>>> print(open('target02.cif').read())   # mmCIF, C-alpha atoms
data_input
loop_
_atom_site.label_atom_id
_atom_site.label_comp_id
_atom_site.auth_asym_id
_atom_site.auth_seq_id
_atom_site.Cartn_x
_atom_site.Cartn_y
_atom_site.Cartn_z
CA MET Y 76 98.48 106.59 166.79
CA ASN Y 77 97.62 108.97 169.62
CA ILE Y 78 95.18 110.84 167.39
CA GLN Y 79 93.53 107.56 166.39
CA ILE Y 80 93.14 106.61 170.05
CA ALA Y 81 91.59 110.02 170.81
CA LEU Y 82 89.12 109.64 167.93
CA ALA Y 83 88.15 106.16 169.09
CA ARG Y 84 87.37 107.51 172.55
CA VAL Y 85 84.70 109.79 171.09
CA SER Y 86 83.38 107.12 168.68
CA LEU Y 87 84.89 108.73 165.58
CA GLY Y 88 87.56 106.11 164.93
CA ASN Y 89 85.77 104.75 161.86
CA GLN Y 90 84.49 108.05 160.46
CA VAL Y 91 87.67 110.17 160.53
CA LYS Y 92 90.73 108.87 158.72
CA VAL Y 93 94.15 109.65 160.22
CA VAL Y 94 96.82 110.00 157.53
CA VAL Y 95 100.41 111.19 157.16
CA PRO Y 96 101.14 113.19 153.98
CA CYS Y 97 104.44 112.03 152.47
CA SER Y 98 106.76 114.11 150.31
CA TYR Y 99 107.60 113.31 146.69
CA ASP Y 100 111.09 112.19 147.76
CA THR Y 101 109.77 109.50 150.15
CA PHE Y 102 109.84 107.07 147.21
CA GLN Y 103 112.33 106.88 144.34
CA SER Y 104 113.70 104.98 141.38
CA GLU Y 105 117.35 105.33 140.44
CA SER Y 106 116.57 104.39 136.83
CA SER Y 107 113.50 106.69 136.70
CA LEU Y 108 111.45 103.61 135.76
CA PRO Y 109 108.38 102.75 137.85
CA SER Y 110 109.29 99.04 137.95
CA LYS Y 111 112.32 99.93 140.08
CA GLY Y 112 110.38 102.07 142.54
CA HIS Y 113 111.02 101.73 146.26
CA PHE Y 114 110.86 103.74 149.47
CA ARG Y 115 114.04 105.41 150.60
CA PRO Y 116 116.15 102.89 152.56
CA ASP Y 117 116.44 105.22 155.56
CA LEU Y 118 112.61 105.29 155.78
CA ASN Y 119 111.87 101.59 155.34
CA LYS Y 120 111.10 100.92 159.01
CA THR Y 121 108.99 104.05 159.37
CA MET Y 122 107.06 103.37 156.16
CA THR Y 123 106.32 99.78 157.18
CA GLU Y 124 104.95 100.99 160.51
CA LEU Y 125 102.89 103.69 158.80
CA LEU Y 126 101.50 101.38 156.11
CA THR Y 127 100.58 98.76 158.72
CA PHE Y 128 98.73 101.43 160.69
CA LEU Y 129 96.91 102.72 157.59
CA THR Y 130 95.88 99.23 156.55
CA LYS Y 131 94.55 98.41 160.02
CA HIS Y 132 92.29 101.47 159.96
CA HIS Y 133 91.37 101.31 156.24
CA SER Y 134 93.04 104.66 155.57
CA PRO Y 135 94.65 105.67 152.25
CA PHE Y 136 98.27 106.61 151.64
CA PHE Y 137 98.74 110.36 151.06
CA ALA Y 138 101.67 111.34 148.83
CA THR Y 139 102.90 114.28 146.79
CA ILE Y 140 103.39 113.76 143.06
CA SER Y 141 105.62 116.46 141.58
CA PRO Y 142 106.13 116.33 137.79
CA PHE Y 143 107.65 119.82 137.87
CA ILE Y 144 110.39 118.94 140.34
CA ILE Y 145 111.10 115.68 138.51
CA SER Y 146 111.47 117.60 135.23
CA HIS Y 147 113.47 120.36 136.94
CA ARG Y 148 116.01 117.93 138.39
CA ASN Y 149 116.08 115.20 135.74
CA LYS Y 150 117.14 116.41 132.31
CA ASN Y 151 116.12 113.05 130.84
CA ILE Y 152 112.47 113.94 131.51
CA SER Y 153 111.31 116.36 128.81
CA LEU Y 154 109.08 119.35 129.49
CA ASP Y 155 106.48 118.11 127.00
CA PHE Y 156 106.34 114.74 128.80
CA SER Y 157 105.68 116.54 132.08
CA LEU Y 158 103.00 118.80 130.55
CA PHE Y 159 100.85 115.99 129.06
CA LYS Y 160 101.65 117.26 125.54
CA GLU Y 161 100.91 115.10 122.52
CA THR Y 162 104.32 115.94 121.03
CA LYS Y 163 106.23 114.21 123.83
CA HIS Y 164 108.17 110.97 123.43
CA SER Y 165 106.74 108.06 125.42
CA ARG Y 166 108.88 106.09 127.86
CA ASN Y 167 108.82 102.32 127.99
CA ASP Y 168 109.19 100.22 131.13
CA GLY Y 169 109.09 96.60 130.04
CA HIS Y 170 105.79 96.07 128.26
CA ARG Y 171 104.27 99.20 129.80
CA THR Y 172 104.28 102.54 128.00
CA TYR Y 173 104.20 105.86 129.85
CA LYS Y 174 102.89 108.95 128.12
CA ASN Y 175 103.29 111.53 130.92
CA SER Y 176 105.30 112.24 134.04
CA PHE Y 177 102.28 111.98 136.36
CA ASP Y 178 101.72 108.31 135.53
CA LEU Y 179 105.46 107.69 135.82
CA GLY Y 180 105.62 109.14 139.34
CA TYR Y 181 102.36 107.57 140.46
CA ASP Y 182 103.36 104.08 139.36
CA THR Y 183 106.77 104.49 140.99
CA LEU Y 184 104.83 104.94 144.23
CA VAL Y 185 102.56 101.97 143.43
CA THR Y 186 105.63 99.77 142.94
CA ALA Y 187 107.14 101.03 146.20
CA LEU Y 188 103.93 100.12 148.01
CA SER Y 189 103.93 96.66 146.43
CA THR Y 190 107.59 96.09 147.26
CA ALA Y 191 106.83 97.01 150.89
CA GLY Y 192 104.06 94.41 150.93
CA PHE Y 193 101.00 96.66 150.44
CA PRO Y 194 100.01 96.27 146.76
CA GLU Y 195 96.32 97.12 147.30
CA MET Y 196 96.85 100.32 149.29
CA ASP Y 197 94.56 103.16 148.15
CA VAL Y 198 96.39 106.34 147.17
CA VAL Y 199 95.43 109.99 147.56
CA VAL Y 200 97.51 112.59 145.72
CA ALA Y 201 97.94 114.99 148.62
CA LYS Y 202 99.64 117.71 146.62
CA ILE Y 203 100.23 118.37 142.93
CA GLY Y 204 100.68 121.56 140.94
CA TRP Y 205 102.97 123.63 138.74
CA PRO Y 206 104.75 126.84 139.84
CA THR Y 207 104.59 130.02 137.80
CA ASP Y 208 107.82 131.84 138.67
CA GLY Y 209 111.26 131.50 140.22
CA ALA Y 210 112.79 128.99 137.78
CA ALA Y 211 113.06 128.03 134.13
CA ASN Y 212 109.76 126.60 132.81
CA ALA Y 213 107.94 127.88 135.90
CA THR Y 214 105.54 130.13 133.98
CA PRO Y 215 101.78 130.75 133.93
CA SER Y 216 101.65 129.34 130.40
CA ALA Y 217 103.34 126.08 131.40
CA ALA Y 218 101.19 125.86 134.55
CA GLU Y 219 98.01 126.30 132.49
CA THR Y 220 99.07 123.56 130.06
CA PHE Y 221 99.92 121.21 132.93
CA MET Y 222 96.70 121.86 134.84
CA LYS Y 223 94.54 121.37 131.76
CA GLY Y 224 96.36 118.12 130.99
CA LEU Y 225 96.00 116.94 134.58
CA MET Y 226 92.28 117.76 134.70
CA ASP Y 227 91.66 115.92 131.43
CA HIS Y 228 93.62 112.92 132.69
CA LEU Y 229 91.73 112.79 135.99
CA HIS Y 230 88.37 113.29 134.27
CA SER Y 231 89.08 110.36 131.96
CA LYS Y 232 89.40 108.00 134.96
CA SER Y 233 91.81 105.98 132.81
CA GLY Y 234 94.21 105.39 135.69
CA THR Y 235 97.84 104.45 135.04
CA PRO Y 236 99.59 101.48 133.40
CA LEU Y 237 99.95 99.72 136.78
CA ARG Y 238 96.45 100.69 137.92
CA PRO Y 239 94.29 100.97 134.79
CA ARG Y 240 90.83 102.46 135.37
CA ASN Y 241 91.83 102.88 139.02
CA PRO Y 242 92.90 106.53 139.45
CA PRO Y 243 93.80 108.11 142.82
CA ILE Y 244 90.71 108.25 145.02
CA GLU Y 245 91.27 111.98 145.64
CA THR Y 246 93.61 114.64 144.26
CA TYR Y 247 94.44 117.98 145.88
CA ILE Y 248 95.71 120.91 143.83
CA PHE Y 249 98.64 122.80 145.29
CA SER Y 250 98.05 125.60 145.94
CA LEU Y 251 95.39 128.28 146.26
CA LEU Y 252 97.68 131.30 146.70
CA ASP Y 253 101.39 132.11 146.45
CA GLU Y 254 103.31 132.08 149.75
CA ASP Y 255 106.05 134.71 149.87
CA GLN Y 256 107.58 133.37 153.09
CA ARG Y 257 107.61 129.70 152.12
CA SER Y 258 110.95 127.90 152.44
CA ILE Y 259 113.03 127.95 149.25
CA VAL Y 260 115.39 125.13 150.22
CA ASN Y 261 114.14 123.12 147.23
CA GLY Y 262 114.24 126.11 144.88
CA ASN Y 263 112.98 129.65 144.44
CA PHE Y 264 109.90 128.34 142.62
CA GLU Y 265 108.53 127.12 145.99
CA ARG Y 266 106.92 130.52 146.60
CA HIS Y 267 104.93 130.45 143.36
CA TRP Y 268 102.69 127.36 143.38
CA GLY Y 269 99.48 129.38 143.65
CA VAL Y 270 96.67 129.10 141.11
CA PHE Y 271 96.04 132.68 142.25
CA THR Y 272 98.49 135.48 143.03
CA PHE Y 273 98.92 136.65 146.62
CA ASP Y 274 96.04 139.09 146.08
CA GLY Y 275 93.63 136.52 144.67
CA GLN Y 276 94.02 137.18 140.94
CA ALA Y 277 93.88 134.13 138.66
CA LYS Y 278 97.18 133.46 136.90
CA TYR Y 279 95.65 131.41 134.10
CA ASN Y 280 92.44 129.72 133.01
CA VAL Y 281 91.55 126.12 133.76
CA ASP Y 282 88.29 124.18 133.83
CA LEU Y 283 87.95 122.47 137.21
CA GLY Y 284 84.82 120.63 136.14
CA GLN Y 285 82.01 123.10 136.84
CA GLY Y 286 81.40 124.18 133.25
CA SER Y 287 83.25 127.49 133.51
CA LYS Y 288 86.66 127.64 131.87
CA ASN Y 289 87.68 130.75 133.80
CA LEU Y 290 88.68 131.07 137.42
CA VAL Y 291 87.13 134.03 139.24
CA ASN Y 292 89.35 136.77 140.62
CA ALA Y 293 88.92 137.93 144.21
CA GLN Y 294 86.82 141.11 144.30
CA TYR Y 295 87.01 144.24 146.45
CA VAL Y 296 90.63 143.65 147.41
CA GLU Y 297 92.05 146.64 149.28
CA TYR Y 298 95.66 147.65 148.64
CA LEU Y 299 97.92 150.16 150.28
CA SER Y 300 98.54 153.42 148.41
CA SER Y 301 99.90 153.26 144.86
CA LYS Y 302 103.46 153.89 145.98
CA TRP Y 303 106.68 152.05 145.22
CA CYS Y 304 110.23 152.22 146.51
CA VAL Y 305 112.89 152.49 143.81
CA VAL Y 306 116.59 153.25 143.70
CA ASN Y 307 117.53 156.93 143.59
CA ASN Y 308 119.62 157.29 140.43
CA ASN Y 309 121.03 160.59 141.64
CA LYS Y 310 122.93 158.84 144.44
CA ASP Y 311 126.20 156.93 144.47
CA LEU Y 312 125.06 153.38 143.76
CA SER Y 313 128.35 151.62 144.44
CA ASN Y 314 126.84 149.95 147.54
CA ALA Y 315 123.37 149.43 146.06
CA THR Y 316 123.87 145.73 145.35
CA ALA Y 317 124.80 145.05 148.97
CA SER Y 318 121.68 146.90 150.11
CA ALA Y 319 119.53 144.88 147.70
CA LEU Y 320 120.96 141.60 148.98
CA ASP Y 321 120.18 142.71 152.51
CA ALA Y 322 116.59 143.55 151.47
CA CYS Y 323 116.20 140.15 149.83
CA SER Y 324 117.29 138.37 153.00
CA THR Y 325 113.80 139.06 154.37
CA ALA Y 326 111.72 140.15 151.36
CA ASP Y 327 110.75 137.80 148.52
CA CYS Y 328 113.04 138.35 145.53
CA THR Y 329 112.59 134.94 143.92
CA ALA Y 330 111.19 136.45 140.71
CA LEU Y 331 114.75 137.71 140.03
CA SER Y 332 116.00 134.11 139.80
CA PRO Y 333 117.26 132.72 136.46
CA GLY Y 334 114.14 131.95 134.44
CA GLY Y 335 112.02 134.14 136.72
CA SER Y 336 109.62 136.86 135.53
CA CYS Y 337 112.04 139.62 136.61
CA PHE Y 338 115.31 137.92 135.71
CA ASN Y 339 115.80 139.95 132.54
CA ILE Y 340 115.29 143.42 133.97
CA SER Y 341 118.54 145.36 133.93
CA TRP Y 342 120.54 147.02 136.68
CA PRO Y 343 119.52 149.13 138.59
CA ALA Y 344 115.88 148.11 137.99
CA ASN Y 345 116.60 144.81 139.75
CA ILE Y 346 117.85 146.81 142.73
CA SER Y 347 114.57 148.73 142.71
CA TYR Y 348 112.64 145.45 142.67
CA ALA Y 349 114.43 144.30 145.82
CA PHE Y 350 113.94 147.68 147.51
CA ASN Y 351 110.21 147.72 146.68
CA ASN Y 352 109.51 144.22 147.94
CA TYR Y 353 111.16 145.10 151.24
CA TYR Y 354 109.17 148.36 151.35
CA GLN Y 355 105.85 146.59 150.71
CA LEU Y 356 106.67 143.83 153.22
CA HIS Y 357 106.96 146.55 155.85
CA ASP Y 358 103.60 148.14 154.91
CA GLN Y 359 105.16 151.07 153.04
CA ARG Y 360 106.76 152.59 156.12
CA ALA Y 361 108.89 155.53 155.02
CA ASP Y 362 111.95 154.29 156.89
CA SER Y 363 111.76 150.96 155.02
CA CYS Y 364 112.65 152.81 151.80
CA ASP Y 365 115.77 154.44 153.18
CA PHE Y 366 118.61 152.04 152.41
CA GLY Y 367 121.22 154.54 153.51
CA GLY Y 368 119.68 157.25 151.37
CA LEU Y 369 119.59 155.09 148.21
CA GLY Y 370 115.81 154.59 148.22
CA LEU Y 371 113.20 156.88 146.70
CA ILE Y 372 109.40 156.65 147.06
CA THR Y 373 107.53 157.13 143.77
CA THR Y 374 103.92 157.09 142.59
CA VAL Y 375 104.92 155.92 139.10
CA ASP Y 376 104.54 152.16 138.68
CA PRO Y 377 108.02 150.79 137.84
CA SER Y 378 106.73 147.42 136.58
CA VAL Y 379 108.37 146.28 133.34
CA GLY Y 380 106.70 143.79 130.98
CA ASN Y 381 105.88 140.62 132.93
CA CYS Y 382 107.88 141.83 135.93
CA ARG Y 383 105.30 143.12 138.36
CA PHE Y 384 106.33 145.46 141.18
CA PRO Y 385 103.66 144.62 143.76
CA VAL Y 386 101.69 146.86 146.12
CA GLU Y 387 100.93 145.27 149.48
CA LEU Y 388 97.44 144.44 150.71
CA ARG Y 389 95.86 146.66 153.32
CA THR Y 390 96.00 144.66 156.54
CA SER Y 391 93.03 146.28 158.29
CA HIS Y 392 89.90 144.40 159.38
CA SER Y 393 87.68 146.36 157.05
CA GLU Y 394 84.49 144.85 155.72
CA SER Y 395 85.81 144.85 152.16
CA LEU Y 396 89.00 143.00 153.03
CA TYR Y 397 86.95 140.49 155.00
CA GLY Y 398 84.83 139.97 151.90
CA ALA Y 399 87.92 139.41 149.75
CA CYS Y 400 89.37 136.88 152.18
CA LEU Y 401 86.02 135.15 152.46
CA LEU Y 402 85.81 134.83 148.70
CA GLN Y 403 89.32 133.40 148.52
CA TRP Y 404 88.48 130.73 151.06
CA MET Y 405 85.22 129.98 149.25
CA ILE Y 406 87.33 129.34 146.14
CA LEU Y 407 89.54 126.96 148.12
CA LEU Y 408 86.53 125.04 149.41
CA THR Y 409 85.02 124.96 145.92
CA ILE Y 410 88.22 123.51 144.43
CA ASN Y 411 88.34 120.79 147.07
CA THR Y 412 84.64 120.02 146.60
CA ILE Y 413 85.02 119.81 142.84
CA LEU Y 414 87.92 117.41 143.07
CA HIS Y 415 86.01 115.25 145.55
CA ASP Y 416 82.97 115.21 143.25
CA PHE Y 417 84.54 114.22 139.97
CA LEU Y 418 86.99 111.75 141.50
#
>>> encode(input="target02.cif", output="structure tokens")
Amino acid sequence: MNIQIALARVSLGNQVKVVVPCSYDTFQSESSLPSKGHFRPDLNKTMTELLTFLTKHHSPFFATISPFIISHRNKNISLDFSLFKETKHSRNDGHRTYKNSFDLGYDTLVTALSTAGFPEMDVVVAKIGWPTDGAANATPSAAETFMKGLMDHLHSKSGTPLRPRNPPIETYIFSLLDEDQRSIVNGNFERHWGVFTFDGQAKYNVDLGQGSKNLVNAQYVEYLSSKWCVVNNNKDLSNATASALDACSTADCTALSPGGSCFNISWPANISYAFNNYYQLHDQRADSCDFGGLGLITTVDPSVGNCRFPVELRTSHSESLYGACLLQWMILLTINTILHDFL
């Protein structure tokens, strides 16, 4: 409300829309059916105030739709249903048939809005994506399938059973890059939503509507030296696990989670993975590969299969790094522009 007042004072009250992005758990349905959708009881007063404010200023409702989390937490929702696959089993809600998890979640929100007294409220999908690591079914392959299905669905402008031919007015893909310090309260997959890796490399291919079916990798990215920190097998490793746990308390070790890309590497390679991530986080300082004498710096890449042992980016202000960052942000702006254009 204060922001709206400030905008009005400079004659921007009608041009700039003030919104409040709401999480996927703001609305719910105990039966998983859209017809039973409602806002969480503890938020009813807040949501009524927010929706009244949005309606007064002709602003849309921003909400996260998260088919991955729904599938991850609800075993009654199949993976195929969440990935827009043709082989999935449809779900019926009265006379309405749902063919994918996106429509199911979206219409649960639509019902919640109607129940609250705002059936005509416009909706913007503020955040939607599919993680690629840190949990079962969080893979680049699954993410590619989901994103292609989502793009096709949005392009079709078919809407949902409750809002046919009336799709969300905007949709924002989450996210551009992985975030290795993001909170993992909801799960270790939270650090792996990026369409690109932390260094700007595309994880999969998807057509965002510009005719090219391939995303473009960031160019001229500068890395630190090709060095890794691994466990020294010539040492007594009886305390190595404790050292690895200590390293993972600050470094990102979520790829070691069950279902993660590094879950299947054996001991002590998993110890080395923890050591290396801590070492890279601290810009390859020699003392960050000590671990009581258990660490060893090597120039031989210890990556195994799909388990990538990363090398940190060079954090200087060099012209080439500036160019890489600029390109990454250009990609972000392009994605947003594309989604605005075709929706």
>>> resolve_selection(input="target02.cif", expression="the PyMOL selection byres ((chain Y and resi 364) around 12)", output="MDAnalysis selection string")
chainID Y and resid 302:307 318:319 322 347:363 365:373
>>> closest_atom_pairs(input="target02.cif", of="stretch 241-351 of chain Y", to="stretch 120-142 of chain Y", cutoff="10 Å", atoms="only C-alpha atoms", output="tab-separated table")
residue	atom	partner	partner_atom	distance
Y:Pro243	CA	Y:Pro135	CA	9.8
Y:Ile244	CA	Y:Pro135	CA	8.6
Y:Glu245	CA	Y:Phe137	CA	9.4
Y:Thr246	CA	Y:Phe137	CA	9.5
Y:Tyr247	CA	Y:Thr139	CA	9.3
Y:Phe249	CA	Y:Thr139	CA	9.6
>>> write_last_selection(input="target02.cif", atoms="C-alpha atoms", output="PDB file, keeping the file's coordinate frame")
ATOM      1  CA  PRO Y 243      93.800 108.110 142.820  1.00  0.00           C
ATOM      2  CA  ILE Y 244      90.710 108.250 145.020  1.00  0.00           C
ATOM      3  CA  GLU Y 245      91.270 111.980 145.640  1.00  0.00           C
ATOM      4  CA  THR Y 246      93.610 114.640 144.260  1.00  0.00           C
ATOM      5  CA  TYR Y 247      94.440 117.980 145.880  1.00  0.00           C
ATOM      6  CA  PHE Y 249      98.640 122.800 145.290  1.00  0.00           C
TER       7      PHE Y 249
END
>>> closest_residue(input="target02.cif", among="Y:Thr190, Y:Asn241, Y:Ser110, Y:Ser216", to="Y:Gly169", atoms="only C-alpha atoms")
Y:Ser110
>>> atom_distance(input="target02.cif", atom1="atom CA of Y:Asp282", atom2="atom CA of Y:Thr207")
17.8 Å
>>> residues_around(input="target02.cif", residues="Y:Asn175", least_positions_apart="5", cutoff="7 Å", atoms="all atoms listed in the file", output="VMD selection string")
chain Y and resid 156 to 157 159
>>> closest_residue(input="target02.cif", among="Y:Arg171, Y:Arg84, Y:Lys310, Y:Arg383", to="Y:Leu237", atoms="all atoms listed in the file")
Y:Arg171
>>> residues_near_point(input="target02.cif", point="(98.0, 107.0, 166.4)", cutoff="10 Å", atoms="only C-alpha atoms", output="NGL selection string")
:Y and (76-82 or 93-94 or 125 or 128-129)
>>> resolve_selection(input="target02.cif", expression="the PyMOL selection byres ((chain Y and resi 204) around 8)", output="ChimeraX atom specification")
/Y:141,143,202-203,205-206,218,222,248-250,268
>>> atom_distance(input="target02.cif", atom1="atom CA of Y:Gly275", atom2="atom CA of Y:Ala293")
4.9 Å
>>> closest_residue(input="target02.cif", among="Y:Val270, Y:Ile259, Y:Leu108, Y:Val85", to="Y:Thr186", atoms="all atoms listed in the file")
Y:Leu108
>>> atom_distance(input="target02.cif", atom1="atom CA of Y:Gly224", atom2="atom CA of Y:Leu283")
11.3 Å
>>> closest_residue(input="target02.cif", among="Y:Ala330, Y:Gly88, Y:Thr183, Y:Asp168", to="Y:Thr101", atoms="all atoms listed in the file")
Y:Thr183
>>> closest_residue(input="target02.cif", among="Y:Val185, Y:Ala210, Y:Val199, Y:Ala217", to="Y:Leu154", atoms="only C-alpha atoms")
Y:Ala217
>>> residues_around(input="target02.cif", residues="Y:Ser106", least_positions_apart="5", cutoff="12 Å", atoms="all atoms listed in the file", output="JSON, numbers by chain")
{"Y": [111, 112, 113, 149, 151, 152, 166, 167, 168, 179, 183]}
>>> residues_around(input="target02.cif", residues="Y:His267", least_positions_apart="6", cutoff="8 Å", atoms="all atoms listed in the file", output="PyMOL selection string")
chain Y and resi 206-209+253-255
>>> write_last_selection(input="target02.cif", atoms="C-alpha atoms", output="mmCIF file, in the coordinates of the input")
data_model
loop_
_atom_site.group_PDB
_atom_site.id
_atom_site.type_symbol
_atom_site.label_atom_id
_atom_site.label_comp_id
_atom_site.auth_asym_id
_atom_site.auth_seq_id
_atom_site.Cartn_x
_atom_site.Cartn_y
_atom_site.Cartn_z
ATOM 1 C CA PRO Y 206 104.750 126.840 139.840
ATOM 2 C CA THR Y 207 104.590 130.020 137.800
ATOM 3 C CA ASP Y 208 107.820 131.840 138.670
ATOM 4 C CA GLY Y 209 111.260 131.500 140.220
ATOM 5 C CA ASP Y 253 101.390 132.110 146.450
ATOM 6 C CA GLU Y 254 103.310 132.080 149.750
ATOM 7 C CA ASP Y 255 106.050 134.710 149.870
#
>>> closest_residue(input="target02.cif", among="Y:Asn263, Y:Trp342, Y:Pro377, Y:Met196", to="Y:Arg238", atoms="only C-alpha atoms")
Y:Met196
>>> closest_atom_pairs(input="target02.cif", of="stretch 364-385 of chain Y", to="stretch 334-340 of chain Y", cutoff="8 Å", atoms="all atoms listed in the file", output="JSON lines")
{"residue": "Y:Val379", "atom": "CA", "partner": "Y:Ile340", "partner_atom": "CA", "distance": 7.5}
{"residue": "Y:Asn381", "atom": "CA", "partner": "Y:Ser336", "partner_atom": "CA", "distance": 5.9}
{"residue": "Y:Cys382", "atom": "CA", "partner": "Y:Cys337", "partner_atom": "CA", "distance": 4.8}
{"residue": "Y:Arg383", "atom": "CA", "partner": "Y:Cys337", "partner_atom": "CA", "distance": 7.8}
>>> residues_near_point(input="target02.cif", point="(93.0, 109.9, 133.5)", cutoff="12 Å", atoms="only C-alpha atoms", output="PyMOL selection string")
chain Y and resi 159+174-175+177-178+181+223-236+238-244+246+417-418
